[in-house]
Structure formats: C-alpha cells, structure tokens
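Shown below: query24.cif, with mmCIF, C-alpha atoms.
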```cif
data_start
#
loop_
_atom_site.label_atom_id
_atom_site.label_comp_id
_atom_site.auth_asym_id
_atom_site.auth_seq_id
_atom_site.Cartn_x
_atom_site.Cartn_y
_atom_site.Cartn_z
CA MET A 1 205.34 -150.69 -70.35
CA VAL A 2 201.72 -150.88 -71.39
CA SER A 3 200.76 -148.22 -73.89
CA ARG A 4 197.17 -147.00 -73.77
CA SER A 5 195.32 -144.71 -76.13
CA VAL A 6 191.70 -143.60 -76.20
CA PHE A 7 190.19 -143.36 -79.67
CA SER A 8 187.31 -141.26 -80.91
CA ARG A 9 184.08 -143.17 -81.47
CA ARG A 10 183.62 -141.25 -84.71
CA ARG A 11 186.91 -142.03 -86.51
CA PHE A 12 189.32 -144.83 -87.29
CA VAL A 13 193.07 -144.74 -86.65
CA VAL A 14 195.22 -143.43 -89.49
CA GLY A 15 194.96 -145.61 -92.57
CA ALA A 16 192.22 -147.95 -91.40
CA ALA A 17 189.05 -148.04 -93.46
CA GLY A 18 185.61 -149.58 -93.31
CA ALA A 19 183.55 -150.89 -90.41
CA ALA A 20 184.78 -152.55 -87.23
CA VAL A 21 185.53 -156.24 -87.79
CA VAL A 22 184.62 -158.55 -84.94
CA ALA A 23 183.60 -161.69 -86.79
CA VAL A 24 185.69 -164.84 -86.80
CA THR A 25 185.19 -165.42 -90.52
CA PRO A 26 187.70 -164.19 -93.15
CA THR A 27 187.16 -160.61 -94.27
CA LEU A 28 188.24 -161.34 -97.86
CA LEU A 29 190.32 -158.21 -98.19
CA SER A 30 193.15 -157.92 -100.67
CA PRO A 31 196.18 -155.62 -100.41
CA PHE A 32 195.66 -154.87 -104.07
CA THR A 33 191.89 -154.42 -104.31
CA ALA A 34 191.69 -152.66 -100.94
CA GLY A 35 194.48 -150.25 -101.89
CA ALA A 36 196.47 -150.83 -98.68
CA THR A 37 199.51 -148.63 -98.25
CA ALA A 38 202.62 -148.92 -96.07
CA GLU A 39 202.08 -148.22 -92.38
CA GLU A 40 198.34 -148.91 -92.45
CA MET A 41 197.07 -150.78 -89.38
CA PHE A 42 194.95 -153.93 -89.59
CA ALA A 43 193.57 -156.41 -87.07
CA VAL A 44 193.62 -160.21 -87.26
CA ALA A 45 190.02 -161.26 -87.91
CA THR A 46 190.29 -165.02 -87.42
CA PRO A 47 191.76 -167.15 -84.61
CA ALA A 48 195.29 -168.61 -84.91
CA LEU A 49 196.52 -166.79 -88.01
CA ARG A 50 200.06 -167.90 -88.84
CA LEU A 51 202.85 -165.38 -89.32
CA ARG A 52 205.22 -166.99 -91.81
CA SER A 53 208.81 -166.42 -92.88
CA GLY A 54 207.75 -165.94 -96.49
CA PRO A 55 204.64 -165.43 -98.66
CA GLY A 56 203.24 -168.96 -98.99
CA LEU A 57 202.05 -172.00 -97.06
CA GLN A 58 205.40 -173.75 -97.53
CA PHE A 59 207.23 -171.20 -95.37
CA SER A 60 207.85 -171.84 -91.68
CA THR A 61 205.62 -170.38 -88.96
CA LEU A 62 207.24 -167.57 -86.97
CA ALA A 63 204.27 -167.01 -84.64
CA THR A 64 200.56 -167.75 -84.28
CA LEU A 65 198.51 -164.57 -84.00
CA SER A 66 195.30 -164.55 -82.00
CA MET A 67 192.15 -162.77 -83.16
CA GLY A 68 192.37 -159.03 -82.57
CA THR A 69 196.17 -158.77 -82.87
CA THR A 70 197.12 -155.49 -84.53
CA VAL A 71 199.61 -155.55 -87.39
CA ARG A 72 201.22 -152.82 -89.47
CA PHE A 73 201.04 -153.40 -93.22
CA LEU A 74 204.47 -153.02 -94.86
CA ALA A 75 204.01 -154.27 -98.44
CA GLY A 76 201.98 -156.56 -100.65
CA ALA A 77 203.73 -159.85 -101.46
CA GLY A 78 201.70 -161.31 -104.32
CA THR A 79 199.21 -164.13 -104.62
CA VAL A 80 200.45 -167.59 -103.63
CA ASP A 81 198.53 -170.80 -102.80
CA GLY A 82 195.23 -169.04 -103.44
CA TYR A 83 195.84 -166.24 -100.93
CA ASP A 84 196.96 -162.63 -101.21
CA TRP A 85 200.02 -162.19 -98.98
CA ALA A 86 201.28 -159.16 -97.13
CA LYS A 87 204.46 -158.38 -95.28
CA VAL A 88 203.52 -157.06 -91.83
CA ASN A 89 204.98 -155.94 -88.52
CA VAL A 90 203.23 -157.31 -85.43
CA VAL A 91 202.69 -154.31 -83.13
CA SER A 92 202.76 -156.25 -79.86
CA SER A 93 205.99 -158.17 -80.52
CA GLY A 94 207.79 -156.27 -83.26
CA LYS A 95 208.09 -159.46 -85.33
CA ILE A 96 208.10 -159.05 -89.10
CA GLY A 97 206.72 -161.75 -91.37
CA PHE A 98 204.06 -162.62 -93.90
CA VAL A 99 200.34 -163.33 -93.44
CA ALA A 100 197.44 -164.14 -95.74
CA PHE A 101 195.90 -160.71 -96.11
CA ASN A 102 192.44 -162.22 -96.64
CA PHE A 103 192.24 -162.84 -92.88
CA LEU A 104 192.90 -159.27 -91.79
CA GLY A 105 190.32 -156.58 -91.17
CA PRO A 106 190.31 -152.84 -90.44
CA VAL A 107 191.38 -151.83 -86.95
CA PRO A 108 188.15 -151.49 -84.92
CA SER A 109 188.97 -148.23 -83.18
CA ASP A 110 185.41 -146.89 -82.93
CA GLY A 111 184.48 -149.55 -80.43
CA PHE A 112 181.14 -150.02 -78.70
CA GLU A 113 179.05 -147.47 -76.84
CA ILE A 114 179.03 -147.38 -73.04
CA GLY A 115 176.04 -149.37 -71.83
CA GLN A 116 175.75 -151.37 -75.05
CA MET A 117 174.90 -155.06 -74.73
CA VAL A 118 177.42 -157.40 -76.36
CA HIS A 119 178.33 -161.07 -76.19
CA VAL A 120 181.49 -163.11 -76.60
CA GLU A 121 182.10 -164.89 -79.89
CA ALA A 122 185.47 -166.62 -79.70
CA GLY A 123 185.00 -169.29 -82.31
CA GLY A 124 183.32 -171.58 -79.77
CA GLY A 125 186.11 -171.04 -77.25
CA VAL A 126 186.54 -168.59 -74.39
CA GLY A 127 187.65 -165.00 -73.95
CA ASN A 128 190.01 -163.99 -71.16
CA LEU A 129 188.52 -161.34 -68.87
CA ARG A 130 191.44 -159.47 -67.30
CA SER A 131 191.89 -157.09 -64.39
CA GLY A 132 193.21 -154.36 -66.70
CA PRO A 133 193.53 -153.47 -70.40
CA GLY A 134 196.55 -155.49 -71.44
CA THR A 135 198.00 -158.99 -71.62
CA GLY A 136 200.14 -158.30 -68.54
CA TYR A 137 197.07 -158.16 -66.29
CA SER A 138 195.77 -161.28 -64.54
CA VAL A 139 192.89 -163.32 -65.95
CA ILE A 140 189.96 -163.02 -63.54
CA ARG A 141 187.55 -165.19 -65.51
CA ARG A 142 187.34 -167.19 -68.72
CA VAL A 143 184.15 -166.15 -70.49
CA ALA A 144 182.51 -168.72 -72.75
CA SER A 145 181.25 -167.92 -76.24
CA GLY A 146 177.63 -166.80 -76.11
CA THR A 147 177.96 -165.05 -72.73
CA THR A 148 176.31 -161.62 -72.64
CA GLY A 149 177.84 -158.54 -71.05
CA THR A 150 177.47 -154.76 -70.90
CA ILE A 151 180.14 -152.29 -72.05
CA GLN A 152 181.51 -150.18 -69.17
CA ASP A 153 184.53 -148.42 -70.70
CA GLY A 154 186.93 -148.29 -73.64
CA PRO A 155 188.15 -148.85 -76.18
CA LEU A 156 191.80 -148.61 -75.08
CA GLU A 157 194.82 -149.88 -77.00
CA ALA A 158 197.48 -152.02 -75.27
CA ASN A 159 199.89 -154.74 -76.36
CA GLY A 160 198.69 -154.56 -79.95
CA TYR A 161 195.02 -155.11 -79.07
CA PHE A 162 191.95 -152.98 -78.47
CA TRP A 163 190.21 -153.57 -75.14
CA HIS A 164 186.80 -152.88 -73.62
CA LYS A 165 185.81 -153.01 -69.98
CA VAL A 166 182.75 -155.28 -69.79
CA ARG A 167 180.46 -156.43 -67.00
CA PHE A 168 179.52 -160.10 -67.22
CA GLY A 169 177.04 -160.72 -64.40
CA ASP A 170 178.98 -160.43 -61.14
CA ALA A 171 182.39 -160.05 -62.85
CA THR A 172 183.76 -156.90 -64.50
CA GLY A 173 187.05 -156.69 -66.36
CA TRP A 174 188.81 -155.97 -69.63
CA ILE A 175 188.54 -158.17 -72.71
CA VAL A 176 189.89 -157.99 -76.25
CA MET A 177 187.41 -156.16 -78.44
CA ALA A 178 187.81 -158.61 -81.33
CA VAL A 179 185.91 -161.35 -79.44
CA LEU A 180 182.89 -159.09 -78.81
CA VAL A 181 179.88 -158.77 -81.09
CA PRO A 182 176.77 -156.59 -80.65
CA GLY A 183 173.65 -157.92 -78.99
CA ALA A 184 172.81 -160.62 -76.49
CA GLY A 185 174.19 -164.12 -76.55
CA LEU A 186 172.53 -167.47 -76.01
CA ASP A 187 172.59 -167.02 -72.21
CA ARG A 188 170.00 -164.21 -72.27
CA ALA A 189 166.25 -164.86 -72.21
CA TRP A 190 163.44 -162.97 -73.92
CA VAL A 191 160.42 -162.05 -71.80
CA ARG A 192 156.96 -160.56 -72.38
CA ALA A 193 154.91 -158.34 -70.11
CA ASN A 194 151.75 -160.29 -69.29
CA SER A 195 149.97 -157.51 -67.40
CA GLY A 196 150.18 -153.88 -68.42
CA PRO A 197 150.73 -151.11 -68.08
CA LEU A 198 153.76 -152.49 -66.20
CA ASN A 199 155.94 -150.13 -64.17
CA VAL A 200 159.65 -150.15 -65.04
CA ARG A 201 161.76 -148.88 -62.11
CA ASN A 202 165.32 -147.62 -61.68
CA GLN A 203 166.04 -150.07 -58.86
CA PRO A 204 164.47 -153.28 -57.53
CA GLY A 205 161.59 -152.64 -55.14
CA LEU A 206 158.40 -150.61 -54.94
CA SER A 207 160.42 -147.65 -53.70
CA GLY A 208 162.32 -147.48 -56.97
CA LYS A 209 161.61 -144.50 -59.19
CA ILE A 210 159.27 -145.29 -62.10
CA LEU A 211 161.17 -144.71 -65.35
CA GLY A 212 158.22 -145.51 -67.59
CA HIS A 213 155.59 -148.10 -68.45
CA VAL A 214 155.27 -150.92 -70.97
CA SER A 215 151.99 -152.29 -72.25
CA THR A 216 150.73 -155.87 -72.16
CA GLY A 217 152.63 -157.92 -74.75
CA ALA A 218 155.76 -155.73 -74.73
CA THR A 219 158.89 -157.86 -75.18
CA GLY A 220 162.40 -157.39 -73.90
CA LEU A 221 165.68 -159.07 -73.14
CA VAL A 222 166.83 -160.00 -69.62
CA THR A 223 170.10 -158.11 -68.99
CA THR A 224 173.25 -159.23 -67.21
CA ASP A 225 172.12 -157.66 -63.90
CA MET A 226 171.37 -160.39 -61.37
CA PRO A 227 167.74 -160.80 -60.13
CA GLN A 228 167.05 -159.27 -56.71
CA GLU A 229 164.41 -159.70 -54.00
CA ALA A 230 162.68 -156.62 -52.61
CA SER A 231 159.20 -155.58 -51.41
CA GLY A 232 158.02 -159.19 -51.53
CA TYR A 233 158.85 -159.69 -55.22
CA VAL A 234 161.73 -161.01 -57.29
CA TRP A 235 162.87 -158.23 -59.63
CA ILE A 236 164.33 -158.74 -63.10
CA ASN A 237 166.28 -156.15 -65.06
CA VAL A 238 164.95 -156.00 -68.63
CA GLN A 239 165.91 -154.11 -71.78
CA PHE A 240 162.57 -153.66 -73.54
CA ASN A 241 162.20 -153.16 -77.28
CA GLY A 242 161.96 -149.42 -77.75
CA GLY A 243 164.86 -148.65 -75.43
CA LEU A 244 163.31 -148.55 -71.94
CA ARG A 245 165.45 -150.49 -69.45
CA GLY A 246 164.85 -151.11 -65.76
CA TRP A 247 163.54 -153.39 -63.03
CA VAL A 248 160.18 -155.16 -63.18
CA ALA A 249 158.55 -157.72 -60.90
CA LYS A 250 159.03 -161.28 -62.18
CA ASN A 251 155.37 -162.13 -61.44
CA PHE A 252 154.25 -159.95 -64.36
CA LEU A 253 156.59 -161.49 -66.95
CA THR A 254 156.31 -164.53 -69.20
CA TRP A 255 159.48 -166.23 -70.44
CA LEU A 256 159.52 -166.75 -74.23
#
```

Would it be possible to restate this file's structure as structure tokens?
Amino acid sequence: MVSRSVFSRRRFVVGAAGAAVVAVTPTLLSPFTAGATAEEMFAVATPALRLRSGPGLQFSTLATLSMGTTVRFLAGAGTVDGYDWAKVNVVSSGKIGFVAFNFLGPVPSDGFEIGQMVHVEAGGGVGNLRSGPGTGYSVIRRVASGTTGTIQDGPLEANGYFWHKVRFGDATGWIVMAVLVPGAGLDRAWVRANSGPLNVRNQPGLSGKILGHVSTGATGLVTTDMPQEASGYVWINVQFNGGLRGWVAKNFLTWL
C-alpha cells in the first residue's frame, strides 16, 4: 500500500535539520559533526549511492539507492576510506546497511510553493513523470534535465520519496522532489517588452482581463504554458521580473 503524508511548508519532519537538499553534489555532512541521532531521517543527495554490507568500500553492495531515497539513520559507523559511514534503514525497502554519510542530506519536507517554476536536474539524465505520487504508478513521460515545469501540488511522501505534482508543457504528473531545483531550465527563453506600456492579460486574446502593465524594456521568462493564437495575434505566457505573470502578444516582445 502506498503511504502518503502532507507536510507543513514551514517545518521539517522530526529530526531533519537545515535547508532542502536538491542538488546532485555531495552535501558533506558527517554523523559526528552534524550531531545525527538514531531515527533521524535523511535523503540521498546524489545518484546511485551504494548501500553496503559494512562500513567501507570493500564491503559488498546490497542495493543502489537513487537520489531522493529516504533513509532512517541508526548509528554512526566511523570513518573508513575517507568517508564517514552510517548504518541506515532504507524506508522504501526496509533494507539495513551502511552508506557514506557525506552523500546524505536533510529530508526536504518543506517542498516548493504551488505555482513555483522549477526545472529537472537529474545529473544530466531524466526524471520519471508518473501518473501518481509513488513508484507503483505508471511513467507517463521521461523528462530531460533542464526541462522547466510549474508546481501544481505536493509535497507528498510515498515509497520512501517526496513527490511534487508538476506541469511540464502539455504533460502533468508526479515526480520525485529530489530531481527538482528552483527556477527555469535551459529550455526557457528570456524576453523583453519592446513597446510599452504593454498589457498583460489573464488569458490569450484581447478579451482577456488586463492584470497589469509592463514598461518598455521590462524582461521576463517564457513559462511552460504553450503559445496560443487569438484575436489575430500569437500570445505568449510570460513571468516578468517583479512578479507579474500573464499573456502578452508576441509582436511586442524581443527574444534575448
């Protein structure tokens, strides 16, 4: 059965400390310097972290943990081969073994805000967009690193991961939070208003309600909403610096 929990955006789960970790680089934590205690929860912060049968590189691999996997810290296991080791329990599988603690980060339970722009950073690979929040749901799209999306829901916990519902263009689904980072990816373009004041509307077309205006030279980022034709213009959805977001006619924009 898939277990789901909604977490407050203003707190971390019991025992976790610090900011949400979504990077693919090591977090350089130590079970000794960080003061980790039994039953604290941590998240794998790098792809393909090996769960070993003992504290050291010479021990056999019990499992390979993907980025975002949640583990329960059981005990520190000393420093071996240049790494601080910890005995952990993998939440999703129940397996117990040892990992290099340097590659774990705090559980990112605060998540992202609804409507926030994010992009996938999966170490150059892809993130699986699923039909629901859990590994048991079908993959509806493989989203490449650098692809920009907009947060729709979450975070929820399932199968030892935290999940967000994200809209990527014409596809919306659930993806592991650990592969998401704030801001737009390489697939989003910056634009500048070349004729102001430029009306920003709540929907494409001259009948759309005017939300506000931007002046000549105002810059913004093209969002994941697809361009639309209406009232004889092609309309682009733009998130302007300063927070105003809406539809503007393409004719009055310059691509940067």

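CA of Thr69 in chain A is positioned 21.8 Å from CA of Gln152 in chain A.
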
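Using all atoms listed in the file, the nearest neighbour of Gly169 in chain A within the list A:Leu211, A:Ala122, A:Thr224, A:Leu198 is A:Thr224.
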
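Using all atoms listed in the file, the nearest neighbour of Gly242 in chain A within the list A:Gly212, A:Pro227, A:Gly76, A:Gly196 is A:Gly212.
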
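Checking A:Ser138, A:Thr254, A:Asn237, A:Asn202 one by one against Val222 in chain A, counting all atoms listed in the file, you find the shortest gap at A:Asn237.
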
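The closest residue to Ala189 in chain A, picked from A:Ala158, A:Val126, A:Leu244, A:Val238 and counting all atoms listed in the file, is A:Val238.
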
Practice task
Could you tell me which residues the PyMOL selection byres ((chain A and resi 128-133) around 7) grabs in this file, written as a ChimeraX atom specification?
Solution key: /A:126-127,134,137-143,156,158,163,173-175
